[in-house]
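Chemist: Contents are CSV, C-alpha atoms; file name data-v8.csv:
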chain,number,residue,atom,x,y,z
A,1125,MET,CA,0.1,-5.3,26.2
A,1126,GLN,CA,2.9,-3.8,24.0
A,1127,GLU,CA,2.4,-0.2,23.0
A,1128,GLY,CA,2.6,-1.1,19.3
A,1129,THR,CA,-0.3,-3.4,19.7
A,1130,LEU,CA,-2.3,-0.7,21.6
A,1131,ALA,CA,-1.5,1.8,18.9
A,1132,GLY,CA,-2.8,-0.7,16.3
A,1133,ARG,CA,-6.0,-1.1,18.4
A,1134,ALA,CA,-6.4,2.7,18.5
A,1135,TYR,CA,-5.8,2.9,14.8
A,1136,THR,CA,-8.6,0.4,14.1
A,1137,ALA,CA,-10.9,2.1,16.5
A,1138,ILE,CA,-10.5,5.5,14.8
A,1139,VAL,CA,-11.2,3.9,11.4
A,1140,GLN,CA,-14.3,2.4,12.9
A,1141,ILE,CA,-15.4,5.8,14.1
A,1142,ILE,CA,-14.9,7.2,10.6
A,1143,ASN,CA,-16.9,4.5,9.1
A,1144,ASP,CA,-19.7,4.2,11.8
A,1145,GLU,CA,-20.3,7.9,12.0
A,1146,GLY,CA,-20.1,8.4,8.2
A,1147,LEU,CA,-17.4,10.9,8.4
A,1148,VAL,CA,-16.2,12.3,5.1
A,1149,THR,CA,-13.2,14.1,3.8
A,1150,GLY,CA,-12.7,17.3,5.8
A,1151,ASP,CA,-14.6,16.2,8.9
A,1152,ARG,CA,-12.9,16.7,12.2
A,1153,LEU,CA,-12.1,13.7,14.4
A,1154,PRO,CA,-12.6,13.9,18.2
A,1155,SER,CA,-9.7,15.4,20.1
A,1156,GLU,CA,-6.8,13.3,21.3
A,1157,ALA,CA,-8.1,13.6,24.8
A,1158,ARG,CA,-11.6,12.5,23.9
A,1159,LEU,CA,-10.3,9.5,21.9
A,1160,ALA,CA,-8.0,8.5,24.7
A,1161,GLU,CA,-10.9,8.7,27.2
A,1162,THR,CA,-13.1,6.7,24.9
A,1163,PHE,CA,-10.5,4.0,24.2
A,1164,GLY,CA,-9.2,3.9,27.8
A,1165,MET,CA,-5.7,4.5,26.5
A,1166,SER,CA,-3.0,7.2,27.0
A,1167,ARG,CA,-2.9,10.2,24.7
A,1168,SER,CA,0.6,9.1,23.6
A,1169,ILE,CA,-0.9,5.9,22.2
A,1170,VAL,CA,-3.7,7.8,20.4
A,1171,ARG,CA,-1.1,10.2,19.1
A,1172,GLU,CA,0.9,7.4,17.7
A,1173,ALA,CA,-2.2,5.9,16.0
A,1174,LEU,CA,-3.0,9.3,14.5
A,1175,VAL,CA,0.6,9.6,13.1
A,1176,ARG,CA,0.2,6.2,11.5
A,1177,LEU,CA,-3.2,7.1,10.1
A,1178,ALA,CA,-1.8,10.3,8.6
A,1179,ALA,CA,1.1,8.3,7.1
A,1180,ASP,CA,-1.4,6.0,5.4
A,1181,GLY,CA,-3.3,8.9,4.0
A,1182,ILE,CA,-6.4,8.4,6.1
A,1183,THR,CA,-6.2,11.5,8.3
A,1184,GLU,CA,-4.3,14.7,8.3
A,1185,ALA,CA,-3.2,16.9,11.2
A,1186,ARG,CA,-3.8,20.6,11.1
A,1187,ARG,CA,-1.7,22.6,13.5
A,1188,GLY,CA,-3.7,23.8,16.5
A,1189,ALA,CA,-6.9,22.4,15.0
A,1190,GLY,CA,-6.7,18.6,15.5
A,1191,SER,CA,-7.0,15.8,13.0
A,1192,TYR,CA,-9.3,15.6,10.0
A,1193,VAL,CA,-10.4,12.9,7.7
A,1194,LYS,CA,-8.4,12.9,4.5
A,1195,ARG,CA,-9.6,9.6,2.9
A,1196,ARG,CA,-12.0,6.9,4.1
A,1197,PRO,CA,-10.8,3.3,3.7
A,1198,SER,CA,-13.0,1.5,1.2
A,1199,GLU,CA,-15.8,-0.5,2.9
A,1200,ARG,CA,-14.7,-3.4,0.6
A,1201,LEU,CA,-11.4,-3.6,2.5
A,1202,GLY,CA,-13.2,-5.6,5.2
A,1203,SER,CA,-13.9,-8.4,2.8
A,1204,HIS,CA,-10.2,-8.9,2.1
A,1205,MET,CA,-8.5,-8.4,5.5
A,1206,PRO,CA,-9.5,-8.3,9.1
A,1207,MET,CA,-10.0,-4.7,10.2
A,1208,HIS,CA,-8.2,-5.3,13.5
A,1209,GLY,CA,-5.1,-5.9,11.4
A,1210,LEU,CA,-5.5,-2.9,9.1
A,1211,ALA,CA,-2.7,-0.9,10.8
A,1212,ALA,CA,-0.2,-3.7,10.4
A,1213,THR,CA,-1.2,-4.6,6.9
A,1214,LEU,CA,-1.1,-1.0,5.6
A,1215,GLY,CA,2.1,-0.5,7.6
A,1216,THR,CA,3.9,-2.7,5.1
A,1217,TYR,CA,3.7,0.2,2.6
A,1218,GLU,CA,6.3,2.1,4.7
A,1219,VAL,CA,8.7,-0.9,4.3
A,1220,ARG,CA,7.9,-1.4,0.7
A,1221,PHE,CA,8.6,2.3,-0.2
A,1222,VAL,CA,12.2,1.7,1.0
A,1223,LEU,CA,12.6,-2.0,0.0
A,1224,GLU,CA,11.0,-2.0,-3.4
A,1225,ALA,CA,12.1,1.4,-4.6
A,1226,GLU,CA,15.7,0.4,-4.0
A,1227,ALA,CA,15.1,-3.0,-5.5
A,1228,ALA,CA,13.8,-1.4,-8.7
A,1229,ARG,CA,16.8,0.9,-8.7
A,1230,LEU,CA,19.3,-2.0,-8.4
A,1231,ALA,CA,17.3,-4.2,-10.9
A,1232,ALA,CA,17.7,-1.4,-13.5
A,1233,GLN,CA,21.4,-1.4,-12.9
A,1234,ARG,CA,22.0,-5.1,-12.6
A,1235,ARG,CA,19.3,-7.1,-14.4
A,1236,SER,CA,20.5,-9.7,-16.9
A,1237,HIS,CA,19.0,-10.3,-20.3
A,1238,GLN,CA,17.2,-13.4,-19.0
A,1239,GLN,CA,15.9,-11.5,-15.9
A,1240,MET,CA,14.6,-8.8,-18.2
A,1241,GLU,CA,12.8,-11.4,-20.2
A,1242,ALA,CA,11.3,-12.8,-17.0
A,1243,ILE,CA,10.2,-9.4,-15.8
A,1244,GLU,CA,8.6,-8.7,-19.2
A,1245,ALA,CA,6.8,-12.0,-19.2
A,1246,ALA,CA,5.5,-11.3,-15.7
A,1247,LEU,CA,4.3,-7.9,-16.9
A,1248,GLU,CA,2.3,-9.4,-19.8
A,1249,ALA,CA,0.8,-12.1,-17.5
A,1250,LEU,CA,-0.3,-9.3,-15.2
A,1251,ARG,CA,-1.7,-7.3,-18.1
A,1252,GLY,CA,-3.8,-10.3,-19.2
A,1253,ALA,CA,-5.1,-10.9,-15.7
A,1254,LEU,CA,-5.9,-7.2,-15.1
A,1255,LEU,CA,-7.7,-6.8,-18.4
A,1256,SER,CA,-9.9,-9.9,-17.8
A,1257,SER,CA,-12.2,-10.7,-14.9
A,1258,ASP,CA,-9.6,-13.2,-13.4
A,1259,PRO,CA,-7.9,-12.5,-10.1
A,1260,ALA,CA,-4.7,-10.7,-10.7
A,1261,HIS,CA,-3.0,-10.6,-7.3
A,1262,ALA,CA,-0.8,-13.6,-8.0
A,1263,GLU,CA,0.5,-12.2,-11.2
A,1264,ASP,CA,1.1,-8.8,-9.5
A,1265,TRP,CA,3.1,-10.5,-6.8
A,1266,VAL,CA,5.2,-12.4,-9.3
A,1267,LEU,CA,6.2,-9.2,-11.1
A,1268,HIS,CA,7.3,-7.5,-7.9
A,1269,ARG,CA,9.2,-10.5,-6.8
A,1270,MET,CA,10.9,-10.8,-10.2
A,1271,ILE,CA,12.1,-7.3,-9.9
A,1272,ALA,CA,13.5,-8.1,-6.4
A,1273,GLU,CA,15.3,-11.2,-7.9
A,1274,ALA,CA,16.9,-9.0,-10.6
A,1275,THR,CA,18.8,-7.1,-7.9
A,1276,GLY,CA,21.1,-10.1,-7.6
A,1277,ASN,CA,20.8,-9.8,-3.9
A,1278,SER,CA,18.8,-12.5,-2.2
A,1279,ALA,CA,18.3,-10.3,0.9
A,1280,PHE,CA,15.8,-8.3,-1.1
A,1281,VAL,CA,13.9,-11.4,-2.1
A,1282,ASP,CA,13.9,-12.8,1.5
A,1283,SER,CA,12.7,-9.4,2.9
A,1284,LEU,CA,9.9,-9.2,0.3
A,1285,ASP,CA,8.9,-12.8,1.0
A,1286,ARG,CA,8.4,-12.0,4.7
A,1287,LEU,CA,5.8,-9.5,3.7
A,1288,GLN,CA,4.0,-11.8,1.3
A,1289,GLU,CA,1.0,-12.5,3.4
A,1290,ASP,CA,0.1,-8.9,4.0
A,1291,VAL,CA,1.1,-7.8,0.5
A,1292,ILE,CA,-1.1,-10.4,-1.1
A,1293,LEU,CA,-4.1,-9.2,1.0
A,1294,ILE,CA,-3.4,-5.6,-0.3
A,1295,LEU,CA,-2.9,-6.7,-3.9
A,1296,ARG,CA,-6.2,-8.7,-3.9
A,1297,ALA,CA,-8.1,-5.8,-2.3
A,1298,GLY,CA,-6.5,-3.2,-4.6
A,1299,VAL,CA,-7.6,-5.1,-7.7
A,1300,ASP,CA,-11.2,-5.7,-6.4
A,1301,ILE,CA,-11.7,-2.1,-5.3
A,1302,SER,CA,-10.2,-0.8,-8.6
A,1303,ARG,CA,-12.6,-3.0,-10.6
A,1304,SER,CA,-15.5,-1.5,-8.8
A,1305,ARG,CA,-14.6,1.9,-10.2
A,1306,PRO,CA,-14.3,3.3,-13.7
A,1307,PRO,CA,-12.0,1.4,-16.2
A,1308,GLU,CA,-9.5,4.2,-16.0
A,1309,VAL,CA,-8.5,3.0,-12.6
A,1310,ILE,CA,-7.3,-0.4,-13.8
A,1311,ALA,CA,-5.7,1.3,-16.8
A,1312,ALA,CA,-3.7,3.6,-14.5
A,1313,MET,CA,-2.6,0.6,-12.4
A,1314,MET,CA,-1.3,-1.1,-15.6
A,1315,GLU,CA,0.5,2.1,-16.7
A,1316,GLU,CA,2.3,2.3,-13.4
A,1317,HIS,CA,3.7,-1.2,-13.9
A,1318,ASP,CA,4.6,-0.4,-17.5
A,1319,ALA,CA,6.6,2.7,-16.3
A,1320,ILE,CA,8.5,0.6,-13.8
A,1321,VAL,CA,9.4,-2.1,-16.3
A,1322,ASP,CA,10.2,0.5,-19.0
A,1323,ALA,CA,12.7,2.2,-16.7
A,1324,ILE,CA,14.3,-1.2,-15.8
A,1325,ARG,CA,14.6,-2.1,-19.5
A,1326,ALA,CA,16.3,1.3,-20.2
A,1327,GLN,CA,18.6,0.8,-17.2
A,1328,ASP,CA,17.3,4.1,-15.8
A,1329,ALA,CA,17.9,3.4,-12.1
A,1330,ASP,CA,16.5,6.7,-10.7
A,1331,GLY,CA,13.5,6.4,-13.0
A,1332,ALA,CA,12.8,2.9,-11.9
A,1333,ALA,CA,12.9,3.9,-8.2
A,1334,LEU,CA,10.6,6.9,-8.8
A,1335,ALA,CA,8.2,4.8,-10.8
A,1336,MET,CA,8.0,2.2,-8.1
A,1337,ARG,CA,7.5,4.7,-5.3
A,1338,TRP,CA,4.7,6.4,-7.4
A,1339,HIS,CA,3.1,3.0,-8.0
A,1340,LEU,CA,3.1,2.1,-4.3
A,1341,SER,CA,1.8,5.5,-3.3
A,1342,GLN,CA,-1.1,5.3,-5.8
A,1343,GLY,CA,-1.7,1.7,-4.7
A,1344,ARG,CA,-2.3,2.8,-1.2
A,1345,LYS,CA,-4.6,5.6,-2.4
A,1346,ARG,CA,-6.7,3.0,-4.3
A,1347,LEU,CA,-7.6,1.3,-1.1
A,1348,MET,CA,-9.6,4.5,-0.3
A,1349,PRO,CA,-12.9,5.5,-2.0
Here is the file; what I need is its structure written in the form of structure tokens.

Modeler:
Amino acid sequence: MQEGTLAGRAYTAIVQIINDEGLVTGDRLPSEARLAETFGMSRSIVREALVRLAADGITEARRGAGSYVKRRPSERLGSHMPMHGLAATLGTYEVRFVLEAEAARLAAQRRSHQQMEAIEAALEALRGALLSSDPAHAEDWVLHRMIAEATGNSAFVDSLDRLQEDVILILRAGVDISRSRPPEVIAAMMEEHDAIVDAIRAQDADGAALAMRWHLSQGRKRLMP
């Protein structure tokens, strides 16, 4: 079996330990050696899984002290995506940080009047869906894709389309989890999209890239309680 697949299995198993044992923020995980023995895997595989968990904001490494729980994935995640695929699905964020931040930057520089109108229409469609009880993942996807189209570079659209299946899972889960929380969470989600579109409208390339990165980082956090 490929090491990437093994690391994904270790990632899922560590999340399972966090959930099954009711670990909370600040709790220490078993040592790398103990995890490796438990999973029947090498320490290097477990270490790779822990690095990815830390990148996704679930754990944090403390020098000389091991790994600790930083955030627990929402229990509602399991109703939207198979937990055995959690590592791969959340891993799309690393790609999106690069891909979509640069797409937002280029969209701000290159968008046409017609493309700006399409982006604004998509934003309002998302607003309507988010502020109702309707599913909003489709509208969210359309907005992000419109921004990619406004780069004028089809490679951005093609690259984003290849992530569509995992991104849709994340968008659906993010809206569902956010709606289970105080209304301010959905309001913050909308404000983040507004900031991206405002920057593209103002042709503020750096502002658009920063707004997109902030939105994606907050989106990942919303998948945690």

Chemist: Just checking: using only C-alpha atoms, which residue out of A:Ala1227, A:Leu1287, A:Met1314, A:Pro1307 ends up closest to Ala1274 of chain A?

Modeler: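 The shortest atom-to-atom distance to Ala1274 of chain A comes from A:Ala1227.
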
Chemist: Counting only C-alpha atoms, figure out which residue out of A:Arg1251, A:Arg1176, A:His1268, A:Arg1337 gets nearest to Ala1231 of chain A.

Modeler: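 Of A:Arg1251, A:Arg1176, A:His1268, A:Arg1337, the one nearest Ala1231 of chain A, counting only C-alpha atoms, is A:His1268.
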
Chemist: So how many Å separate atom CA of Val1170 of chain A and atom CA of Glu1218 of chain A, to one decimal?

Modeler: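 Rounded to one decimal, the two atoms are 19.5 Å apart.
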
Chemist: Tell me, in Å to one decimal, how far atom CA of Met1336 of chain A is from atom CA of Ser1198 of chain A.

Modeler: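 Computing it gives 23.0 Å between the two atoms.
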
Chemist: I'd like the interatomic distance between atom CA of Gly1202 of chain A and atom CA of Asp1144 of chain A, to a tenth of an Å.

Modeler: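 Separating atom CA of Gly1202 of chain A from atom CA of Asp1144 of chain A is a distance of 13.5 Å.
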
Chemist: Which residue gives the smallest distance to Arg1303 of chain A among A:Arg1200, A:Arg1186, A:Arg1229, A:Arg1158, with only C-alpha atoms counted?

Modeler: A:Arg1200

Chemist: What would the list of residues within 12 Å of (-11.4, -1.8, -4.7) (file frame) look like as a PyMOL selection string, if all atoms listed in the file are what count?

Modeler: chain A and resi 1197-1204+1293-1307+1309-1310+1313+1343-1349

Chemist: Rank A:Thr1136, A:Asp1330, A:Glu1161, A:Asp1180 by their smallest atom-to-atom distance to Leu1230 of chain A, using only C-alpha atoms, and report the top residue only.

Modeler: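 Looking only at the distances to Leu1230 of chain A, the closest residue turns out to be A:Asp1330.
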
Chemist: Taking into account all atoms listed in the file, which residue in the set A:Arg1167, A:Arg1220, A:Lys1194, A:Arg1152 is nearest to Phe1280 of chain A?

Modeler: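 Comparing A:Arg1167, A:Arg1220, A:Lys1194, A:Arg1152 against Phe1280 of chain A, the winner is A:Arg1220.
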
Chemist: For Arg1269 of chain A, work out the shell of residues within 12 Å, counting all atoms listed in the file and skipping chain neighbours fewer than 2 positions away, then give it as JSON, numbers by chain.

Modeler: {"A": [1220, 1223, 1224, 1227, 1228, 1231, 1239, 1242, 1243, 1246, 1247, 1262, 1263, 1264, 1265, 1266, 1267, 1271, 1272, 1273, 1274, 1275, 1276, 1277, 1278, 1279, 1280, 1281, 1282, 1283, 1284, 1285, 1286, 1287, 1288, 1291, 1292]}

Chemist: From the options A:Leu1130, A:His1339, A:Asp1290, A:Gly1146, which residue's atoms come nearest to Glu1316 of chain A, counting all atoms listed in the file?

Modeler: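 Closest residue, counting all atoms listed in the file: A:His1339.
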
Chemist: Identify, on the basis of all atoms listed in the file, every residue whose closest approach to Arg1325 of chain A does not exceed 7 Å; exclude the query and any residue fewer than 3 positions from it along the same chain; express the result as a list in words.

Modeler: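 Skipping anything fewer than 3 positions along the chain leaves Ala1232, Met1240, Val1321 and Asp1322 of chain A.
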
Chemist: Since we have the selection now, will you write its residues out, keeping C-alpha atoms, as a compact mmCIF listing (two decimals), in the frame of the given file?

Modeler:
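And here's result.txt as it stands now:
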# COMPACT_ATOMS: atom_id res chain seq x y z
CA ALA A 1232 17.70 -1.40 -13.50
CA MET A 1240 14.60 -8.80 -18.20
CA VAL A 1321 9.40 -2.10 -16.30
CA ASP A 1322 10.20 0.50 -19.00

Chemist: Which residues come within 7 Å of Ser1191 of chain A, counting all atoms listed in the file, excluding same-chain residues fewer than 6 positions away, as JSON, numbers by chain?

Modeler: {"A": [1152, 1153, 1183, 1184, 1185]}
